[in-house]
Every structure is written in C-alpha cells, then in structure tokens.
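entry07.csv (CSV, C-alpha atoms) appears below.
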```csv
chain,number,residue,atom,x,y,z
X,1,MET,CA,23.2,-12.8,38.8
X,2,SER,CA,25.1,-12.1,41.9
X,3,THR,CA,28.5,-13.8,41.4
X,4,LEU,CA,28.8,-14.7,45.1
X,5,THR,CA,25.4,-16.2,45.9
X,6,GLY,CA,24.0,-17.2,42.6
X,7,THR,CA,20.8,-15.3,43.3
X,8,PRO,CA,19.5,-12.7,41.0
X,9,ALA,CA,20.9,-9.2,41.5
X,10,PRO,CA,18.5,-6.5,42.7
X,11,GLY,CA,16.2,-5.5,39.9
X,12,GLN,CA,17.4,-8.3,37.6
X,13,GLU,CA,14.1,-10.3,37.7
X,14,LEU,CA,12.2,-7.1,36.8
X,15,ALA,CA,14.6,-6.4,33.9
X,16,ASP,CA,14.2,-9.9,32.6
X,17,ALA,CA,10.5,-9.8,32.8
X,18,TYR,CA,10.4,-6.6,30.8
X,19,ARG,CA,12.8,-8.1,28.2
X,20,ARG,CA,10.4,-11.0,27.8
X,21,LYS,CA,7.3,-8.8,27.6
X,22,ILE,CA,8.5,-6.0,25.2
X,23,ASP,CA,8.9,-7.3,21.7
X,24,PRO,CA,11.4,-5.5,19.5
X,25,VAL,CA,8.7,-5.2,16.8
X,26,TYR,CA,6.7,-2.9,19.1
X,27,LEU,CA,9.9,-0.9,19.7
X,28,VAL,CA,10.3,-0.5,15.9
X,29,VAL,CA,6.6,0.6,15.6
X,30,VAL,CA,7.1,3.2,18.3
X,31,ALA,CA,10.3,4.4,16.8
X,32,LEU,CA,8.6,4.8,13.4
X,33,MET,CA,5.7,6.7,14.9
X,34,ALA,CA,8.2,9.0,16.6
X,35,LEU,CA,10.1,9.4,13.3
X,36,VAL,CA,6.9,10.3,11.4
X,37,VAL,CA,5.8,12.8,14.0
X,38,VAL,CA,9.2,14.5,14.2
X,39,ALA,CA,9.6,14.6,10.3
X,40,ALA,CA,6.1,16.0,10.0
X,41,VAL,CA,6.8,18.8,12.5
X,42,LEU,CA,10.2,19.6,10.8
X,43,GLY,CA,8.5,20.3,7.4
X,44,GLY,CA,7.4,17.0,6.0
X,45,PHE,CA,3.7,17.6,6.6
X,46,ASN,CA,3.7,21.1,5.1
X,47,SER,CA,5.6,19.9,2.1
X,48,VAL,CA,3.1,17.1,1.4
X,49,LEU,CA,0.2,19.5,2.1
X,50,ALA,CA,1.6,22.0,-0.4
X,51,ASN,CA,2.1,19.3,-3.0
X,52,GLY,CA,-1.4,17.9,-2.5
X,53,ARG,CA,-3.2,21.3,-2.6
X,54,VAL,CA,-2.7,21.8,-6.3
X,55,ILE,CA,-4.1,19.6,-8.9
X,56,CYS,CA,-1.3,17.2,-9.8
X,57,GLN,CA,-0.6,18.0,-13.4
X,58,ASP,CA,1.5,14.9,-13.8
X,59,CYS,CA,-1.3,12.7,-12.4
X,60,ILE,CA,-3.8,13.9,-14.9
X,61,GLY,CA,-1.4,13.9,-17.8
X,62,LEU,CA,-1.8,17.5,-18.7
X,63,PHE,CA,1.1,19.9,-18.5
X,64,ARG,CA,1.0,23.7,-18.6
F,14,MET,CA,-27.4,-9.7,-2.3
F,15,LYS,CA,-24.9,-10.8,0.3
F,16,PHE,CA,-21.8,-8.7,0.7
F,17,LYS,CA,-18.6,-10.0,2.2
F,18,ARG,CA,-17.1,-8.2,5.1
F,19,ARG,CA,-14.0,-7.5,3.0
F,20,ARG,CA,-16.1,-5.9,0.2
F,21,ILE,CA,-17.8,-3.7,2.7
F,22,THR,CA,-14.5,-2.6,4.2
F,23,GLN,CA,-13.1,-1.9,0.6
F,24,PHE,CA,-16.2,0.3,-0.2
F,25,ALA,CA,-15.8,2.1,3.2
F,26,ALA,CA,-12.1,2.8,2.4
F,27,LEU,CA,-13.1,4.1,-1.0
F,28,ILE,CA,-15.6,6.5,0.5
F,29,ILE,CA,-13.2,7.6,3.4
F,30,ALA,CA,-10.6,8.4,0.8
F,31,ASN,CA,-13.0,10.2,-1.5
F,32,PRO,CA,-15.8,12.0,0.4
F,33,TYR,CA,-15.4,15.5,-1.0
F,34,LEU,CA,-18.7,15.9,-2.8
F,35,ILE,CA,-18.5,19.7,-2.4
F,36,TYR,CA,-16.2,19.7,-5.5
F,37,PHE,CA,-19.3,19.5,-7.7
F,38,ALA,CA,-20.5,22.8,-6.3
F,39,SER,CA,-17.2,24.6,-5.8
F,40,ARG,CA,-15.2,23.2,-8.7
F,41,GLU,CA,-12.1,23.4,-6.5
F,42,ILE,CA,-10.3,20.4,-5.2
F,43,TYR,CA,-10.0,19.9,-1.4
F,44,GLN,CA,-7.2,22.0,0.0
F,45,GLY,CA,-7.6,21.4,3.8
F,46,ALA,CA,-5.1,20.0,6.3
F,47,LEU,CA,-5.9,16.3,5.5
F,48,LYS,CA,-4.1,16.7,2.2
F,49,GLY,CA,-0.9,16.7,4.4
F,50,VAL,CA,-1.7,13.1,5.4
F,51,CYS,CA,-1.2,10.2,3.1
F,52,PHE,CA,-3.9,7.6,2.6
F,53,PRO,CA,-2.6,4.1,3.3
F,54,GLY,CA,-4.0,2.7,0.0
F,55,PHE,CA,-3.5,3.6,-3.7
F,56,ASN,CA,-5.8,6.5,-4.3
F,57,CYS,CA,-5.0,9.4,-6.7
F,58,TYR,CA,-4.9,12.8,-4.9
F,59,ALA,CA,-5.8,14.5,-8.2
F,60,CYS,CA,-9.2,12.8,-7.9
F,61,PRO,CA,-11.7,15.7,-7.4
F,62,LEU,CA,-13.2,13.9,-4.4
F,63,ALA,CA,-9.9,12.9,-2.7
F,64,VAL,CA,-9.1,14.5,0.7
F,65,TYR,CA,-5.8,12.7,1.4
F,66,SER,CA,-2.5,12.6,-0.5
F,67,CYS,CA,-1.3,9.6,-2.4
F,68,PRO,CA,1.7,8.1,-0.6
F,69,ILE,CA,3.5,7.3,-3.9
F,70,GLY,CA,2.9,10.8,-5.2
F,71,ALA,CA,4.3,12.2,-1.9
F,72,LEU,CA,7.3,9.8,-2.1
F,73,GLN,CA,8.1,11.0,-5.6
F,74,HIS,CA,7.6,14.6,-4.5
F,75,SER,CA,10.4,14.1,-1.9
F,76,ALA,CA,12.7,12.5,-4.5
F,77,ALA,CA,12.0,15.4,-6.9
F,78,LEU,CA,12.8,17.9,-4.1
F,79,LEU,CA,16.1,16.3,-3.6
F,80,HIS,CA,16.8,16.9,-7.3
F,81,GLN,CA,15.9,20.5,-6.8
F,82,LYS,CA,18.4,20.6,-3.9
F,83,VAL,CA,15.7,21.6,-1.3
F,84,LYS,CA,17.7,19.3,1.0
F,85,TRP,CA,16.2,19.9,4.4
F,86,THR,CA,12.5,19.9,3.3
F,87,ALA,CA,13.2,16.9,1.0
F,88,ILE,CA,14.8,14.9,3.9
F,89,ALA,CA,11.9,15.7,6.2
F,90,THR,CA,9.4,14.8,3.5
F,91,LEU,CA,11.2,11.6,2.7
F,92,LEU,CA,11.3,10.6,6.4
F,93,TYR,CA,7.7,11.6,6.9
F,94,VAL,CA,6.3,9.7,3.9
F,95,GLY,CA,8.8,6.8,4.1
F,96,GLY,CA,8.2,6.4,7.8
F,97,PHE,CA,4.4,6.4,7.3
F,98,ILE,CA,4.7,3.7,4.6
F,99,ALA,CA,7.0,1.6,6.8
F,100,LEU,CA,4.7,2.0,9.8
F,101,ILE,CA,1.7,0.8,7.8
F,102,GLY,CA,3.9,-2.0,6.3
F,103,ILE,CA,5.2,-3.2,9.6
F,104,GLY,CA,1.8,-3.0,11.3
F,105,LEU,CA,-0.5,-4.3,8.6
F,106,GLY,CA,1.6,-5.3,5.6
F,107,ARG,CA,-0.4,-6.2,2.5
F,108,LEU,CA,-3.6,-6.4,4.5
F,109,VAL,CA,-4.0,-2.9,3.2
F,110,CYS,CA,-3.9,-4.2,-0.4
F,111,GLY,CA,-6.5,-6.8,0.3
F,112,TRP,CA,-8.9,-4.8,2.4
F,113,PHE,CA,-8.4,-1.0,2.1
F,114,CYS,CA,-7.0,-0.2,-1.4
F,115,PRO,CA,-9.6,1.6,-3.6
F,116,PHE,CA,-7.7,0.7,-6.8
F,117,GLY,CA,-7.7,-2.9,-5.7
F,118,LEU,CA,-11.4,-2.8,-5.4
F,119,ILE,CA,-11.7,-1.4,-8.9
F,120,GLN,CA,-9.6,-4.2,-10.2
F,121,GLU,CA,-11.6,-6.9,-8.4
F,122,GLY,CA,-14.8,-5.3,-9.8
F,123,LEU,CA,-13.5,-5.4,-13.4
F,124,ASN,CA,-12.3,-9.0,-13.0
F,125,LYS,CA,-15.9,-10.0,-12.3
F,126,ILE,CA,-16.8,-9.3,-15.9
F,127,PRO,CA,-17.3,-12.7,-17.6
F,128,SER,CA,-14.3,-13.4,-19.9
F,129,PRO,CA,-11.6,-16.0,-20.4
F,130,LYS,CA,-9.2,-15.7,-17.5
F,131,LEU,CA,-5.4,-15.6,-18.0
F,132,ARG,CA,-2.7,-16.4,-15.4
F,133,ILE,CA,0.1,-13.9,-14.8
F,134,PRO,CA,3.6,-15.4,-15.1
F,135,HIS,CA,5.3,-15.5,-11.7
F,136,TRP,CA,8.4,-13.5,-12.9
F,137,MET,CA,6.2,-10.5,-13.6
F,138,ARG,CA,5.9,-9.8,-9.9
F,139,TYR,CA,9.4,-8.2,-10.0
F,140,GLY,CA,7.9,-5.4,-12.1
F,141,LYS,CA,6.5,-3.6,-9.1
F,142,TYR,CA,10.0,-3.4,-7.5
F,143,LEU,CA,11.4,-2.0,-10.7
F,144,THR,CA,8.6,0.6,-10.8
F,145,LEU,CA,9.3,1.6,-7.2
F,146,ALA,CA,13.0,1.8,-7.6
F,147,GLY,CA,13.0,3.4,-11.1
F,148,LEU,CA,9.9,5.5,-11.7
F,149,VAL,CA,9.2,6.5,-8.1
F,150,LEU,CA,12.6,7.0,-6.6
F,151,LEU,CA,15.5,7.1,-9.1
F,152,LEU,CA,14.1,9.0,-12.1
F,153,PRO,CA,12.4,11.7,-10.0
F,154,LEU,CA,15.7,12.0,-8.1
F,155,LEU,CA,17.7,12.4,-11.3
F,156,THR,CA,15.2,14.6,-13.3
F,157,GLY,CA,13.0,16.3,-10.8
F,158,VAL,CA,9.9,15.0,-12.6
F,159,HIS,CA,7.2,12.7,-11.1
F,160,TRP,CA,7.6,10.0,-13.7
F,161,PHE,CA,5.4,7.4,-12.1
F,162,SER,CA,2.5,9.9,-11.8
F,163,ARG,CA,2.8,10.8,-15.5
F,164,LEU,CA,2.2,7.1,-16.4
F,165,CYS,CA,0.0,6.0,-13.5
F,166,PRO,CA,-3.3,4.3,-14.6
F,167,ALA,CA,-4.9,5.1,-11.3
F,168,GLY,CA,-4.2,8.8,-11.9
F,169,ALA,CA,-5.9,8.5,-15.3
F,170,LEU,CA,-8.9,6.7,-14.0
F,171,GLU,CA,-9.4,8.6,-10.7
F,172,GLY,CA,-7.9,12.0,-11.7
F,173,THR,CA,-7.9,12.6,-15.4
F,174,LEU,CA,-11.2,11.3,-16.5
F,175,PRO,CA,-13.4,12.8,-13.6
F,176,LEU,CA,-11.6,16.1,-14.0
F,177,GLU,CA,-12.2,16.1,-17.8
F,178,ALA,CA,-15.8,15.3,-17.1
F,179,VAL,CA,-16.4,17.9,-14.4
F,180,GLN,CA,-13.7,20.5,-15.0
F,181,PRO,CA,-12.3,22.7,-12.2
F,182,LYS,CA,-12.6,26.5,-12.2
F,183,GLY,CA,-10.4,27.9,-14.9
F,184,GLY,CA,-10.6,24.7,-16.9
F,185,LEU,CA,-7.8,22.3,-17.8
F,186,PRO,CA,-4.9,22.7,-20.3
F,187,PRO,CA,-5.4,21.1,-23.7
F,188,ALA,CA,-4.5,17.4,-24.0
F,189,GLY,CA,-1.1,16.6,-25.5
F,190,TRP,CA,0.5,13.3,-26.5
F,191,PHE,CA,1.4,12.4,-22.9
F,192,PHE,CA,-2.3,12.5,-22.1
F,193,TRP,CA,-3.0,9.9,-24.8
F,194,LEU,CA,-0.1,7.8,-23.6
F,195,LYS,CA,-1.6,7.8,-20.1
F,196,ILE,CA,-5.0,6.9,-21.4
F,197,GLY,CA,-3.4,4.1,-23.5
F,198,ILE,CA,-1.7,2.7,-20.4
F,199,LEU,CA,-5.1,2.9,-18.5
F,200,VAL,CA,-6.9,1.1,-21.4
F,201,PHE,CA,-4.2,-1.6,-21.4
F,202,PHE,CA,-4.5,-2.2,-17.6
F,203,VAL,CA,-8.3,-2.1,-17.7
F,204,ALA,CA,-8.3,-4.8,-20.4
F,205,TRP,CA,-5.8,-6.8,-18.3
F,206,MET,CA,-7.9,-6.4,-15.2
F,207,VAL,CA,-10.9,-8.0,-16.9
F,208,VAL,CA,-8.9,-11.1,-17.9
F,209,SER,CA,-6.5,-11.4,-15.0
F,210,SER,CA,-6.8,-11.0,-11.3
F,211,ARG,CA,-5.3,-7.8,-9.9
F,212,PRO,CA,-2.6,-7.4,-12.5
F,213,PHE,CA,-1.6,-3.9,-11.4
F,214,CYS,CA,-1.1,-4.9,-7.8
F,215,ARG,CA,1.0,-7.9,-8.9
F,216,THR,CA,3.2,-6.4,-11.6
F,217,ALA,CA,3.3,-2.6,-11.3
F,218,CYS,CA,2.1,-1.2,-8.0
F,219,PRO,CA,4.9,0.6,-6.2
F,220,LEU,CA,2.9,0.9,-2.9
F,221,GLY,CA,2.3,-2.9,-3.0
F,222,ALA,CA,6.1,-3.3,-3.5
F,223,CYS,CA,6.7,-1.2,-0.4
F,224,PHE,CA,4.3,-3.3,1.7
F,225,ALA,CA,5.6,-6.5,0.1
F,226,LEU,CA,9.1,-5.6,1.3
F,227,CYS,CA,7.7,-5.2,4.9
F,228,THR,CA,5.6,-8.5,4.8
F,229,ARG,CA,8.3,-10.6,6.4
F,230,PHE,CA,8.4,-8.3,9.4
F,231,SER,CA,4.7,-7.4,9.5
F,232,ALA,CA,2.8,-7.9,12.7
F,233,PHE,CA,-0.3,-9.3,10.8
F,234,ARG,CA,0.6,-12.9,10.0
F,235,MET,CA,-0.9,-15.9,8.3
F,236,HIS,CA,-0.4,-19.4,9.6
F,237,VAL,CA,-1.0,-22.8,8.1
F,238,ASP,CA,-1.4,-25.7,10.4
F,239,LYS,CA,0.6,-28.5,8.7
F,240,SER,CA,-1.1,-31.2,10.7
F,241,LYS,CA,-4.5,-30.2,9.3
F,242,CYS,CA,-3.5,-29.2,5.7
F,243,THR,CA,-4.1,-31.8,3.1
F,244,GLU,CA,-2.7,-29.7,0.2
F,245,CYS,CA,-6.0,-30.0,-1.6
F,246,ASP,CA,-5.4,-26.6,-3.3
F,247,ALA,CA,-8.8,-25.2,-2.4
F,248,CYS,CA,-6.9,-22.1,-1.2
F,249,ARG,CA,-5.1,-21.7,-4.5
F,250,ASP,CA,-8.4,-21.9,-6.4
F,251,VAL,CA,-9.7,-18.8,-4.6
F,252,CYS,CA,-6.4,-16.9,-4.3
F,253,PRO,CA,-6.4,-13.7,-6.3
F,254,VAL,CA,-2.7,-13.8,-6.7
F,255,GLU,CA,-2.5,-17.6,-7.4
F,256,ILE,CA,-0.1,-18.6,-4.7
F,257,ASN,CA,0.1,-21.8,-2.6
F,258,ILE,CA,-0.4,-20.4,0.9
F,259,TYR,CA,0.7,-23.7,2.4
F,260,GLU,CA,4.1,-23.3,0.8
F,261,ASP,CA,4.8,-19.9,2.2
F,262,ALA,CA,2.2,-18.5,4.6
F,263,ASN,CA,3.8,-15.1,4.7
F,264,SER,CA,4.7,-14.7,1.0
F,265,PRO,CA,5.3,-11.0,0.0
F,266,GLU,CA,2.8,-11.7,-2.9
F,267,CYS,CA,-0.1,-12.6,-0.5
F,268,LEU,CA,-2.6,-9.7,-0.4
F,269,ARG,CA,-4.1,-10.9,2.9
F,270,CYS,CA,-7.6,-11.0,1.5
F,271,LEU,CA,-8.2,-14.1,3.7
F,272,ASP,CA,-10.4,-15.8,1.1
F,273,CYS,CA,-8.2,-18.9,1.5
F,274,LYS,CA,-9.0,-19.0,5.2
F,275,LYS,CA,-12.7,-19.3,4.4
F,276,ALA,CA,-12.2,-21.7,1.5
F,277,CYS,CA,-10.0,-24.2,3.5
F,278,PRO,CA,-12.2,-27.3,4.2
F,279,ALA,CA,-9.8,-28.3,7.0
F,280,SER,CA,-9.7,-24.9,8.7
F,281,ALA,CA,-5.9,-25.2,8.6
F,282,ILE,CA,-5.4,-21.5,7.8
F,283,THR,CA,-5.4,-18.9,10.6
F,284,SER,CA,-4.4,-15.3,10.7
F,285,GLY,CA,-3.9,-12.5,13.3
F,286,PHE,CA,-1.5,-10.0,14.8
F,287,LYS,CA,1.6,-11.7,16.1
F,288,SER,CA,5.2,-10.7,16.4
F,289,PRO,CA,7.2,-12.1,13.5
F,290,LEU,CA,9.9,-13.0,16.1
F,291,LYS,CA,7.5,-15.2,18.0
F,292,ALA,CA,5.8,-16.8,14.9
F,293,GLY,CA,8.6,-19.2,14.1
F,294,SER,CA,10.7,-19.1,10.9
F,295,PRO,CA,9.7,-16.1,8.7
F,296,SER,CA,10.0,-18.2,5.6
F,297,ASP,CA,7.6,-20.9,6.7
F,298,GLY,CA,4.4,-19.8,8.5
F,299,ARG,CA,3.6,-23.5,9.2
F,300,SER,CA,6.2,-23.7,11.9
F,301,GLY,CA,4.7,-21.0,14.1
F,302,THR,CA,2.0,-21.5,16.7
F,303,ALA,CA,-1.6,-20.7,15.6
F,304,ALA,CA,-2.8,-17.1,15.9
F,305,SER,CA,-6.4,-16.2,16.6
```
Could you write out this structure as structure tokens?
Amino acid sequence: MSTLTGTPAPGQELADAYRRKIDPVYLVVVALMALVVVAAVLGGFNSVLANGRVICQDCIGLFR
Amino acid sequence: MKFKRRRITQFAALIIANPYLIYFASREIYQGALKGVCFPGFNCYACPLAVYSCPIGALQHSAALLHQKVKWTAIATLLYVGGFIALIGIGLGRLVCGWFCPFGLIQEGLNKIPSPKLRIPHWMRYGKYLTLAGLVLLLPLLTGVHWFSRLCPAGALEGTLPLEAVQPKGGLPPAGWFFWLKIGILVFFVAWMVVSSRPFCRTACPLGACFALCTRFSAFRMHVDKSKCTECDACRDVCPVEINIYEDANSPECLRCLDCKKACPASAITSGFKSPLKAGSPSDGRSGTAAS
C-alpha cells in the first residue's frame, strides 16, 4: 500500500494475485523435482543404476 | 468376470514394473538405464523380470555407502532416492499403496482365499516406522549391510523363488541358513496375508511408512461430508486397514483404495487433488470443502 494515498503500490495487486494463486505445496513439489534432478546428475542416478545392475545377493538371501 | 478399475490399475503396475520376459532367453537380469530409476511401489529389483530399482533397496544402498565413507556419492544417492520418495509421497501419498503397489496386489489376492479372518491390533502399525528407521536406515548406516533386504519377504517371493526356479547364467550360490530364515519370514507373512488384510503394508512396509509420513501433506486428499455422514460404518466394513474414515479422513493408515467411497450409501466420501493448506484442518478431513 502507498502510505500517502492508501492505494495499492505499483505491482502490489499483481504480487498479491500471484501469492493467492501459487500454493506453497506446488513450490515444495517443484523444489523436490529440482532436488531429484540435481542429485541424479551429481551421481545419484549412476549409483542406483550400479546397485540395480547386479542381482541383489541380500534380496535373494544368498551370499557369496 | 467384472474387474474393478483399481484391480486393473494394480495389474498394469505389476506388468509395468516387471516386463522383462527376455530374461527367460538370456538368463541375465535387465541392466539398462531404467534400473537407475526407482519404481514408486514395493517391487523387488532382484526379480528376474524387474526393470526398475526398489526404492527401499536404493535407500539402504545410500545408507550403506555412508558407512563405507563414500560420502559424496552417498549424499547424492540419498537425496536422489529420498527426494523421489518424498515427491511421490507429497503428490500421491498412500494412493500408491492402494493402486500401484505390486506387493499390495499379491496380498489382496492371498486374502481372497476363504479362511477365518483376523483383525490386526492397532498398535502394530508402528512396526513399519521401526522397520524404516532400524532396518532400512540405521543398521545399514552402522554396518554397511542391507539388513531389510536380507529379511524382506517381497525379495523372497519376487526374487529368490523365481531365480531359484529359472537360474541366471553361472547359477546361484548354495543356500545357507539366512536363505531359510528369509523363506521362513515369507511363509509367516503369506499365512498372515491369507487371514488378515494387507498385514505387511500395515505392520512392516518401510515404503508405506515413508508415504504415511507424507500423508498429512499429500496433494491427494479424502474428504467426508459431515452433514451427509450417518456413521453407519459401511466404510469400515470394506476398509482393508479397518479404519473409520469419518474420524480422520486423511489418516496415515488409509491406503486410498477408495473402496469406502463406493460403499458409502450417503455418498458422503469424496476424494481428489487439493492443497492440504486449502483443505481445512489436516487432522479432520470433514472440515474442508469437497473435492471432485
């Protein structure tokens, strides 16, 4: 709000509309998606891939 | 025979998770890039037909890497797998348990076998959180061993038995006492699945525990219209986890199978995607406005 006139400051209405529209839950979802992608690129994907490529000896209860 | 939409979805998820029929010719498990992706349900990646990784196996793997002091890779793996589970949990919550989990489908199938049915005491639900904290995270972190996988009945059913029946190239090592312990745990759970509804999901599933922890914040929500609900308990009669949905519409125990929605004679139960912040109090789904 403009303190002198009581009318919304320039851009204030738009900012309020965005605040009402964008739910924090969607922001959390987007943040998690970004986290997954970054972690995958930084080695998470290759690590899970290497682990999954061999028959999991623990899963089948047989140990070499 | 009329199949429910949920049953068709469950079978589709089972096939999507395990389509690798080439194994029968090659006798080598799938080793392509999809194994770097976790399946959102509980499906053993030692299954000869599996093409995705098990999220719980991958989570244990990251904890075991931390024990081996492979710090950077371990942290990236933990964030990748943990972020994936949290993403599914926030988006769908336990809808995955009710609609997409292959092991859930197996349990429901076994429970169709005519037998006396036993209720599961409510306190046993805490077992799944203990399994997650102890066997999946803490023990692998302290010992570097995948303890949950060593005891997992899904691994025995979907991995051990098929691989023993159709052995991979080079064969398998001989069975030791741990093998028989694992088979014993499987036999125990299979017997329990016949007499009780989804016992593994309710008492021991670490993936179910992860999704249950996300349920309060999940975008998929249940809602009970208090003005229509007569508390006739028709919903409880069909509920696979024996909860009163009208007491807590978004209970962490609810598998979101939506059978109650169909059974409700007053059509008081609705469900749909809605922000938990806009759905009223998280502890009482009745106070929110109806979704879809």
Find the residues of chain X in contact range of chain F, meaning any atom within 9 Å when counting all atoms listed in the file, and list them as an MDAnalysis selection string.
chainID X and resid 23:26 28:30 32:33 35:64
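Note that atom CA of F:Arg40 and atom CA of F:Gly184 are 9.5 Å apart.
Between atom CA of F:Cys267 and atom CA of X:Ala31 the interatomic distance comes to 26.4 Å.
Here atom CA of F:Phe202 stands at a distance of 16.2 Å from atom CA of F:Pro253.
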Cut-off 8 Å: closest stretch 26-122 of chain F/stretch 129-150 of chain F atom pairs per residue, using only C-alpha atoms, as CSV:
```
residue,atom,partner,partner_atom,distance
F:Ile69,CA,F:Val149,CA,7.1
F:Leu72,CA,F:Val149,CA,7.1
F:Gln73,CA,F:Val149,CA,5.3
F:Ala76,CA,F:Leu150,CA,5.9
```
Suppose we keep C-alpha atoms; can you now write the selection as a short mmCIF file (atom, residue, chain, number, x, y, z; two decimals), keeping the file's coordinate frame?
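Saved file part33.cif follows:
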```
data_model
loop_
_atom_site.label_atom_id
_atom_site.label_comp_id
_atom_site.auth_asym_id
_atom_site.auth_seq_id
_atom_site.Cartn_x
_atom_site.Cartn_y
_atom_site.Cartn_z
CA ILE F 69 3.50 7.30 -3.90
CA LEU F 72 7.30 9.80 -2.10
CA GLN F 73 8.10 11.00 -5.60
CA ALA F 76 12.70 12.50 -4.50
#
```
